[in-house]
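**Student:** Provided herewith is a single structure, encoded as structure tokens, for subsequent inquiry.
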Amino acid sequence: MMKIKYALLMVTIVFMASCKSTKVISGGTVDAKLSSKSVIKAHYQNEAGFKTLAGRVKINYSDGESSQGVSVSLRMEKDKAIWMSAPLGIVKAYITPDRVSFYNKLENEYFDGDFSYLSDLLGTEVDFSILQNLLTGQAIVDLRLEKYDIGISEDNYRLTPKQQGVLYKTLFQVEPKNYKMAMQQLSQPLEKRLLEIVYKNYQSIDKEVLPNEIIVRAISKEKVNNIDLEFKSLELNGTVNFPYSIPKGFNAIEL
């Protein structure tokens, strides 16, 4: 079980690629006169436009039974690929829009398949686009497709759908400085599942505004996965490559 948890942790880290630790952004005041439509429009106008990023991310992970911290190398090409490597390449992972793959040299094991594995981990259906939005501070669903009520909560704009779904319920908080996500929740009440992403702060890198620290909680009937991430020494729009090849003789992980 521990070897699967370790590999699971490595893949989870890949999700959260973000930005270079430079100037942390704070401040901003909500405008009670703004409509939900105006806030949503501003959110998409401030979407990150970088092409690539590379650097390191520090993660602390716990699941109620065990906890650990690790720092990994990270590379990403927007809309195309996310790659990570633990020290000495002991664990590597590679995610594309149609593939999730990782291997663990400590156990001579690998996983190579679709997004159902990651969906089980986070407690909701995910794909590459959702992961990318999550890690860059964008809404994990398209807010432009529904109508939302607006309020003020914790000095942020609070958005809730005018008509909540039966199977899925959502809640969003948008910070007023750059209209990025402050918090977003997706719950499945009947399944007793909750995915909550909290963006503690943002930073400015090469005129881009991206997350600096992220807290992710994935709650199910039986357990809670907590993931705290802090991004360091990341650079935007440089040349990146993704060396990845599953070693011969490794055994496929059955999940």
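In the structure tokens, chains take the letters A, B, ... in the order shown, each chain's residues start at 1, and ligands count up from 1 in the order shown.
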Apply DSSP to the structure's backbone, then extract all residues of region 15-208 of chain A labelled alpha helix (DSSP H) and return them as a list of chain:residue names.
**Tutor:**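 Filtering region 15-208 of chain A down to alpha helix (DSSP H) leaves A:Phe15, A:Ser36, A:Lys37, A:Ser38, A:Val39, A:Ile40, A:Lys41, A:Ala42, A:His43, A:Tyr44, A:Gln45, A:Ser116, A:Tyr117, A:Leu118, A:Ser119, A:Asp120, A:Leu121, A:Leu122, A:Phe128, A:Ser129, A:Ile130, A:Leu131, A:Gln132, A:Asn133, A:Leu134, A:Leu135, A:Thr136.
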**Student:** Using only C-alpha atoms, I'd like a table of the residues in region 109-139 of chain A that come within 12 Å of region 186-192 of chain A; for each, show the closest atom pair and its distance in Å rounded to one decimal, ordered by chain and ascending number, as CSV.
**Tutor:**
residue,atom,partner,partner_atom,distance
A:Leu122,CA,A:Leu186,CA,10.2
A:Gly123,CA,A:Gln188,CA,8.6
A:Thr124,CA,A:Leu186,CA,8.0
A:Glu125,CA,A:Leu186,CA,10.4
A:Val126,CA,A:Leu186,CA,11.4
A:Ile130,CA,A:Leu186,CA,12.0
A:Leu134,CA,A:Leu186,CA,11.8
A:Ala139,CA,A:Leu186,CA,10.6
**Student:** From the options A:Asn104, A:Ser71, A:Thr52, A:Thr96, which residue's atoms come nearest to Ile253 (chain A), counting only C-alpha atoms?
**Tutor:**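 Smallest separation from Ile253 (chain A) among the options: A:Asn104.
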**Student:** From the list A:Lys37, A:Lys248, A:Lys207, A:Asn225, which residue is nearest Tyr157 (chain A) when using only C-alpha atoms?
**Tutor:**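 Smallest distance to Tyr157 (chain A) is found for A:Lys37.
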**Student:** Looking at A:Leu167, A:Val198, A:Val72, A:Ile152, which one is nearest to Ala182 (chain A), with distances taken over only C-alpha atoms?
**Tutor:**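 Nearest candidate to Ala182 (chain A) out of A:Leu167, A:Val198, A:Val72, A:Ile152: A:Val198.
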**Student:** Extract, using only C-alpha atoms, all DNA, RNA and protein residues at most 10 Å from Ser101 (chain A), discarding same-chain residues fewer than 5 positions from it, and format them as a VMD selection string.
**Tutor:** chain A and resid 11 83 92 to 96 110 to 115 244 to 246
**Student:** So, counting only C-alpha atoms, which residue among A:Thr239, A:Leu143, A:Glu109, A:Arg75 is closest to Val91 (chain A)?
**Tutor:**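 When distances to Val91 (chain A) are compared using only C-alpha atoms, the smallest one comes from A:Glu109.
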